[in-house]
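Enquirer: Pasting structure_23.cif here (mmCIF, C-alpha atoms):
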```
data_entry
loop_
_atom_site.label_atom_id
_atom_site.label_comp_id
_atom_site.auth_asym_id
_atom_site.auth_seq_id
_atom_site.Cartn_x
_atom_site.Cartn_y
_atom_site.Cartn_z
CA MET A 16 5.91 2.62 -12.64
CA LYS A 17 2.23 2.61 -13.48
CA LYS A 18 2.02 -0.93 -12.09
CA VAL A 19 3.37 0.35 -8.78
CA PHE A 20 0.67 3.05 -8.70
CA TRP A 21 -2.16 0.66 -9.61
CA GLY A 22 -0.86 -1.85 -7.11
CA MET A 23 -0.84 0.71 -4.30
CA LEU A 24 -4.34 1.78 -5.30
CA LEU A 25 -5.55 -1.82 -5.09
CA THR A 26 -3.87 -2.40 -1.73
CA SER A 27 -5.96 0.44 -0.33
CA VAL A 28 -9.16 -1.43 -1.21
CA SER A 29 -9.16 -3.05 2.22
CA LEU A 30 -9.62 0.41 3.75
CA VAL A 31 -12.77 0.92 1.71
CA THR A 32 -14.16 -2.55 2.45
CA ASP A 33 -13.69 -2.00 6.18
CA VAL A 34 -15.82 1.14 5.92
CA ILE A 35 -18.61 -0.54 3.95
CA GLY A 36 -18.25 -3.97 5.58
CA LEU A 37 -21.48 -3.74 7.52
CA LEU A 38 -23.47 -2.91 4.38
CA GLY A 39 -21.82 -5.85 2.62
CA GLU A 40 -22.74 -8.17 5.47
CA ILE A 41 -26.35 -7.20 5.07
CA LEU A 42 -26.38 -7.44 1.25
CA LEU A 43 -24.35 -10.66 1.03
CA SER A 44 -25.75 -12.47 4.06
CA GLU A 45 -26.90 -15.38 1.89
CA TRP A 46 -23.36 -15.97 0.55
CA GLY A 47 -21.50 -15.65 3.82
CA GLY A 48 -21.57 -11.88 4.24
CA ARG A 49 -18.40 -10.78 5.97
CA GLY A 50 -16.43 -13.85 4.82
CA VAL A 51 -17.08 -13.07 1.15
CA ILE A 52 -16.10 -9.43 1.62
CA LEU A 53 -12.92 -10.36 3.49
CA LEU A 54 -11.98 -12.89 0.81
CA ALA A 55 -12.61 -10.42 -2.01
CA SER A 56 -10.76 -7.67 -0.15
CA GLY A 57 -7.82 -9.96 0.56
CA LEU A 58 -7.55 -11.16 -3.03
CA VAL A 59 -7.75 -7.62 -4.43
CA THR A 60 -5.11 -6.50 -1.93
CA ALA A 61 -2.92 -9.46 -2.94
CA LEU A 62 -3.36 -8.48 -6.59
CA GLY A 63 -2.23 -4.98 -5.62
CA TYR A 64 0.92 -6.32 -3.98
CA TYR A 65 1.53 -8.49 -7.04
CA LEU A 66 1.36 -5.42 -9.29
CA VAL A 67 3.71 -3.52 -6.96
CA TRP A 68 6.12 -6.46 -7.07
CA GLN A 69 6.02 -6.63 -10.88
CA GLY A 70 6.19 -2.86 -11.24
CA ALA A 71 9.25 -2.66 -8.99
CA ALA A 72 10.93 -5.38 -11.05
CA SER A 73 10.36 -3.39 -14.25
CA LEU A 74 12.07 -0.26 -12.91
CA PRO A 75 15.82 0.40 -12.98
CA GLN A 76 17.02 -1.67 -10.04
CA SER A 77 18.26 0.07 -6.96
CA GLN A 78 18.27 -1.10 -3.39
CA SER A 79 14.91 0.61 -2.76
CA TRP A 80 13.10 -1.00 -5.69
CA GLU A 81 14.65 -4.36 -4.83
CA TRP A 82 13.23 -4.08 -1.30
CA VAL A 83 9.85 -3.01 -2.67
CA GLY A 84 9.76 -6.12 -4.85
CA LYS A 85 10.84 -8.53 -2.12
CA THR A 86 8.49 -7.12 0.50
CA ALA A 87 5.54 -6.92 -1.90
CA LYS A 88 6.11 -10.56 -2.89
CA ILE A 89 5.96 -11.62 0.77
CA LEU A 90 2.87 -9.47 1.43
CA CYS A 91 1.17 -10.90 -1.66
CA ALA A 92 1.61 -14.46 -0.39
CA TYR A 93 0.66 -13.46 3.16
CA THR A 94 -2.50 -11.68 2.02
CA VAL A 95 -3.66 -14.63 -0.11
CA ALA A 96 -3.00 -17.02 2.78
CA THR A 97 -4.90 -14.92 5.33
CA ALA A 98 -7.79 -14.34 2.91
CA LEU A 99 -8.17 -18.07 2.33
CA LEU A 100 -7.69 -18.95 6.01
CA GLY A 101 -10.40 -16.44 6.86
CA LEU A 102 -12.93 -18.73 5.23
CA LEU A 103 -12.04 -21.63 7.49
CA PRO A 104 -13.65 -21.98 10.90
CA LEU A 105 -10.28 -21.66 12.63
CA GLN A 106 -9.48 -19.33 15.48
CA LEU A 107 -5.83 -18.41 15.93
CA PRO A 108 -4.65 -17.39 19.39
CA GLN A 109 -4.84 -13.65 20.07
CA ALA A 110 -1.06 -13.35 20.45
CA VAL A 111 -0.52 -14.89 17.00
CA MET A 112 -3.08 -12.52 15.46
CA VAL A 113 -1.35 -9.51 17.02
CA ILE A 114 2.05 -10.66 15.74
CA LEU A 115 0.67 -11.25 12.22
CA ASN A 116 -1.06 -7.85 12.17
CA VAL A 117 2.09 -6.07 13.35
CA ALA A 118 4.21 -7.91 10.76
CA SER A 119 1.73 -6.97 8.02
CA SER A 120 1.73 -3.32 9.12
CA ILE A 121 5.51 -3.23 9.16
CA GLY A 122 5.59 -4.79 5.69
CA SER A 123 3.13 -2.21 4.36
CA PHE A 124 5.22 0.55 5.90
CA VAL A 125 8.41 -0.83 4.30
CA VAL A 126 6.76 -0.99 0.87
CA LEU A 127 5.45 2.56 1.10
CA TYR A 128 8.73 3.90 2.52
CA MET A 129 10.81 2.19 -0.17
CA ILE A 130 8.48 3.43 -2.92
CA ALA A 131 8.91 7.01 -1.68
CA THR A 132 12.68 6.46 -1.49
CA GLY A 133 12.73 4.79 -4.92
CA VAL A 134 10.94 7.73 -6.53
CA ARG A 135 13.50 10.04 -4.93
CA GLU A 136 16.31 7.91 -6.38
CA LEU A 137 14.72 7.90 -9.85
CA GLN A 138 14.31 11.65 -9.70
CA PHE A 139 17.92 12.19 -8.58
CA SER A 140 19.54 9.85 -11.10
CA ALA A 141 17.47 11.12 -14.01
CA ARG A 142 17.64 14.77 -12.94
CA ALA A 143 13.94 15.10 -13.70
CA ASP A 144 11.17 16.36 -11.44
CA LEU A 145 8.93 13.46 -10.47
CA GLY A 146 7.47 15.28 -7.47
CA ALA A 147 9.43 13.12 -5.04
CA GLU A 148 9.52 15.80 -2.33
CA ARG A 149 5.74 16.18 -2.33
CA LEU A 150 5.41 12.40 -2.23
CA TRP A 151 7.88 12.24 0.67
CA LYS A 152 6.00 14.94 2.64
CA ALA A 153 2.68 13.17 2.10
CA PHE A 154 4.29 9.90 3.24
CA ALA A 155 5.68 11.55 6.39
CA THR A 156 2.30 13.13 7.16
CA HIS A 157 0.57 9.77 6.67
CA ILE A 158 2.95 8.00 9.05
CA VAL A 159 2.98 10.67 11.77
CA ALA A 160 -0.82 11.06 11.70
CA GLY A 161 -1.23 7.28 11.83
CA LEU A 162 1.09 6.93 14.81
CA LEU A 163 -0.53 9.79 16.71
CA SER A 164 -4.07 8.57 15.94
CA SER A 165 -3.20 5.17 17.42
CA LEU A 166 -2.03 6.88 20.63
CA LEU A 167 -4.81 9.43 20.99
CA GLY A 168 -8.52 8.91 21.13
CA GLY A 169 -11.63 10.97 20.91
CA VAL A 170 -12.14 13.84 18.51
CA LEU A 171 -8.41 14.49 18.11
CA GLY A 172 -7.80 10.83 17.24
CA PHE A 173 -10.61 10.92 14.69
CA ALA A 174 -9.22 14.13 13.15
CA LEU A 175 -5.83 12.46 12.85
CA ILE A 176 -7.41 9.45 11.13
CA VAL A 177 -8.97 11.82 8.60
CA ILE A 178 -5.56 13.49 8.08
CA GLU A 179 -3.94 10.06 7.70
CA PHE A 180 -6.50 9.08 5.06
CA ALA A 181 -6.09 12.40 3.20
CA ALA A 182 -2.31 11.97 3.23
CA TYR A 183 -2.68 8.47 1.77
CA VAL A 184 -4.88 9.85 -1.01
CA ALA A 185 -2.21 12.52 -1.63
CA ILE A 186 0.43 9.75 -1.81
CA LEU A 187 -1.62 8.00 -4.47
CA VAL A 188 -2.10 11.23 -6.44
CA PHE A 189 1.61 12.11 -6.31
CA LEU A 190 2.57 8.55 -7.21
CA ALA A 191 0.20 8.67 -10.20
CA MET A 192 1.73 11.96 -11.31
CA ALA A 193 5.25 10.55 -10.98
CA ALA A 194 4.25 7.40 -12.90
CA ARG A 195 2.67 9.44 -15.68
CA LYS A 196 5.73 11.65 -15.99
CA TYR A 197 8.06 8.64 -15.92
CA GLU A 198 6.04 6.67 -18.48
CA ASN A 199 5.51 9.64 -20.81
CA SER A 200 9.25 10.10 -21.04
CA GLY A 201 9.54 6.46 -22.13
CA GLY A 202 11.41 5.57 -18.98
CA PHE A 203 14.63 7.24 -18.14
CA GLN A 204 17.80 6.04 -19.77
CA PHE A 205 20.53 5.13 -17.35
#
```
Represent the structure contained in this file as C-alpha cells.

Expert:
Amino acid sequence: MKKVFWGMLLTSVSLVTDVIGLLGEILLSEWGGRGVILLASGLVTALGYYLVWQGAASLPQSQSWEWVGKTAKILCAYTVATALLGLLPLQLPQAVMVILNVASSIGSFVVLYMIATGVRELQFSARADLGAERLWKAFATHIVAGLLSSLLGGVLGFALIVIEFAAYVAILVFLAMAARKYENSGGFQF
C-alpha cells in the first residue's frame, strides 16, 4: 500500500510544476524551458501511476483495486505518450485536446475514487481502522470543491481551489497513515 501512497504523491507533482512553471521557463530557457519541465513533470507523473498500478497489484484483489491497477496502467501509458509528444512541434486540434484532457481527468478521478473505495474495503474485511472514513470525506471535499471551483470564478472560485488543494493534501496524509498502519501489521491476512 505504500507504493499506492508514493504513486499518488508523485502524480501530484504536475500540480507543483504548473505553479512554478514560469520560474522553470526562465531558469531552463537554454534547454527548452517549458518543454523540459513538461517532459519531467509527465515522466514523474507516469512513474507515479506506475507505482499506483504496482501497489494495487500487490494488495488483496478486489474489484476496486483491480480497477485502480487497470486505470493507472492506462494513465501511465497516456502520460508518457503526452509527455513525449509535447516535445514535438505538433499541434493537435483543440477538440482533440479537450477530449484528451477530459479523459485524463476522468481517469484520475476513477483512480482516486477506487483507492478511497479500496481502503474502505480493506478496512471492512480486516476489521481494522485504516481511517477510511476520513479519507472518504477528504476525497468528497476534494471533488466537490473542484467541481464548484470550475463553475465559479473570482474570489469564491479561488477559495474553492485552495480548499480543493487542502483536501488533496489531506487525502495524501490519510492515505499515508492507512499505508503505514497496513504495512506495520504485515498486511492483513485474508

Enquirer: Give me, as a ChimeraX atom specification, all polymer residues having an atom no more than 7 Å from range 121-123 of chain A, counting all atoms listed in the file and skipping those fewer than 3 positions away in the same chain.

Expert: /A:86,90,117-118,126-127

Enquirer: Write the residues of the preceding selection, restricted to C-alpha atoms, as a PDB file, in the frame of the given file.

Expert:
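Saved the output as selection13.pdb:
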```pdb
ATOM      1  CA  THR A  86       8.490  -7.120   0.500  1.00  0.00           C
ATOM      2  CA  LEU A  90       2.870  -9.470   1.430  1.00  0.00           C
ATOM      3  CA  VAL A 117       2.090  -6.070  13.350  1.00  0.00           C
ATOM      4  CA  ALA A 118       4.210  -7.910  10.760  1.00  0.00           C
ATOM      5  CA  VAL A 126       6.760  -0.990   0.870  1.00  0.00           C
ATOM      6  CA  LEU A 127       5.450   2.560   1.100  1.00  0.00           C
TER       7      LEU A 127
END
```

Enquirer: Give me the residues near Leu163 in chain A as a list in words, where near means some atom within 12 Å (using all atoms listed in the file) and where sequence neighbours in that chain fewer than 5 positions away do not count.

Expert: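 Neighbouring residues, sequence-local ones excluded: Thr156, His157, Ile158, Gly168, Gly169, Leu171, Gly172, Phe173, Ala174, Leu175, Ile176, Val177, Ile178 and Glu179 of chain A.
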
Enquirer: So which one's closest to Ile130 in chain A, A:Ser73, A:Ser79, A:Asn199, A:Thr26? Using all atoms listed in the file, please.

Expert: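 Closest candidate: A:Ser79.
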
Enquirer: So what do you get for CA of Ala92 in chain A versus CA of Ser56 in chain A, distance-wise?

Expert: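 Going from CA of Ala92 in chain A over to CA of Ser56 in chain A, I get 14.1 Å.
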
Enquirer: A:Thr132, A:Gln106, A:Thr94, A:Ser120: which is nearest Leu162 in chain A, counting only C-alpha atoms?

Expert: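 Nearest candidate to Leu162 in chain A out of A:Thr132, A:Gln106, A:Thr94, A:Ser120: A:Ser120.
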
Enquirer: Please identify all polymer residues within 10 Å of Trp82 in chain A, counting only C-alpha atoms, omitting same-chain residues fewer than 4 positions from it, and present them as a compact mmCIF listing (two decimals) with C-alpha atoms, in the frame of the given file.

Expert:
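Once written, part_9.txt looks like this:
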```
# COMPACT_ATOMS: atom_id res chain seq x y z
CA TRP A 68 6.12 -6.46 -7.07
CA ALA A 71 9.25 -2.66 -8.99
CA GLN A 76 17.02 -1.67 -10.04
CA SER A 77 18.26 0.07 -6.96
CA GLN A 78 18.27 -1.10 -3.39
CA THR A 86 8.49 -7.12 0.50
CA ALA A 87 5.54 -6.92 -1.90
CA LYS A 88 6.11 -10.56 -2.89
CA VAL A 125 8.41 -0.83 4.30
CA VAL A 126 6.76 -0.99 0.87
CA TYR A 128 8.73 3.90 2.52
CA MET A 129 10.81 2.19 -0.17
CA ILE A 130 8.48 3.43 -2.92
CA GLY A 133 12.73 4.79 -4.92
```

Enquirer: Please determine, counting only C-alpha atoms, which residue among A:Gly22, A:Pro104, A:Gly57, A:Gly146 has the shortest atom-to-atom distance to Gln69 in chain A.

Expert: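 Once distances to Gln69 in chain A are computed over only C-alpha atoms, the minimum belongs to A:Gly22.
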
Enquirer: With distances taken over only C-alpha atoms, which residue among A:Tyr64, A:Tyr197, A:Tyr93, A:Tyr183 lies nearest Leu115 in chain A?

Expert: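 Looking at the shortest contact to Leu115 in chain A, the residue is A:Tyr93.
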
Enquirer: Give me the residues within 12 Å of Arg195 in chain A as a PyMOL selection string, counting all atoms listed in the file and dropping any in the same chain fewer than 6 places off.

Expert: chain A and resi 16-21+144-146+188-189+201-202

Enquirer: Separation of CA of Pro75 in chain A and CA of Gly63 in chain A, in Å?

Expert: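 Between these atoms lies a distance of 20.2 Å.
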
Enquirer: Hey, what comes out of the PyMOL selection byres ((chain A and resi 149) around 12) on this file? Could you write it as a short mmCIF file (atom, residue, chain, number, x, y, z; two decimals) with C-alpha atoms, keeping the file's coordinate frame?

Expert:
```
data_model
loop_
_atom_site.label_atom_id
_atom_site.label_comp_id
_atom_site.auth_asym_id
_atom_site.auth_seq_id
_atom_site.Cartn_x
_atom_site.Cartn_y
_atom_site.Cartn_z
CA ALA A 131 8.91 7.01 -1.68
CA THR A 132 12.68 6.46 -1.49
CA VAL A 134 10.94 7.73 -6.53
CA ARG A 135 13.50 10.04 -4.93
CA ASP A 144 11.17 16.36 -11.44
CA LEU A 145 8.93 13.46 -10.47
CA GLY A 146 7.47 15.28 -7.47
CA ALA A 147 9.43 13.12 -5.04
CA GLU A 148 9.52 15.80 -2.33
CA LEU A 150 5.41 12.40 -2.23
CA TRP A 151 7.88 12.24 0.67
CA LYS A 152 6.00 14.94 2.64
CA ALA A 153 2.68 13.17 2.10
CA PHE A 154 4.29 9.90 3.24
CA ALA A 155 5.68 11.55 6.39
CA THR A 156 2.30 13.13 7.16
CA ALA A 182 -2.31 11.97 3.23
CA ALA A 185 -2.21 12.52 -1.63
CA ILE A 186 0.43 9.75 -1.81
CA LEU A 187 -1.62 8.00 -4.47
CA VAL A 188 -2.10 11.23 -6.44
CA PHE A 189 1.61 12.11 -6.31
CA LEU A 190 2.57 8.55 -7.21
CA MET A 192 1.73 11.96 -11.31
CA ALA A 193 5.25 10.55 -10.98
#
```

Enquirer: With all atoms listed in the file as the atoms that count, which of A:Cys91, A:Leu105, A:Ala194, A:Leu166 lies nearest to Leu137 in chain A?

Expert: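 That would be A:Ala194, the residue with the smallest distance to Leu137 in chain A.
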
Enquirer: Between A:Leu66, A:Ser165, A:Leu102, A:Ala181, which has the minimum distance to Ile52 in chain A (counting all atoms listed in the file)?

Expert: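 Distance minimum relative to Ile52 in chain A lands on A:Leu102.
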
Enquirer: Which value, in Å to one decimal, gives the distance between CA of Leu74 in chain A and CA of Ala191 in chain A?

Expert: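 CA of Ala191 in chain A lies 15.1 Å from CA of Leu74 in chain A.
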
Enquirer: Any chance you could resolve the PyMOL selection byres ((chain A and resi 54) around 10) against this file and give the residues as a ChimeraX atom specification?

Expert: /A:49-53,55-60,94-95,97-102
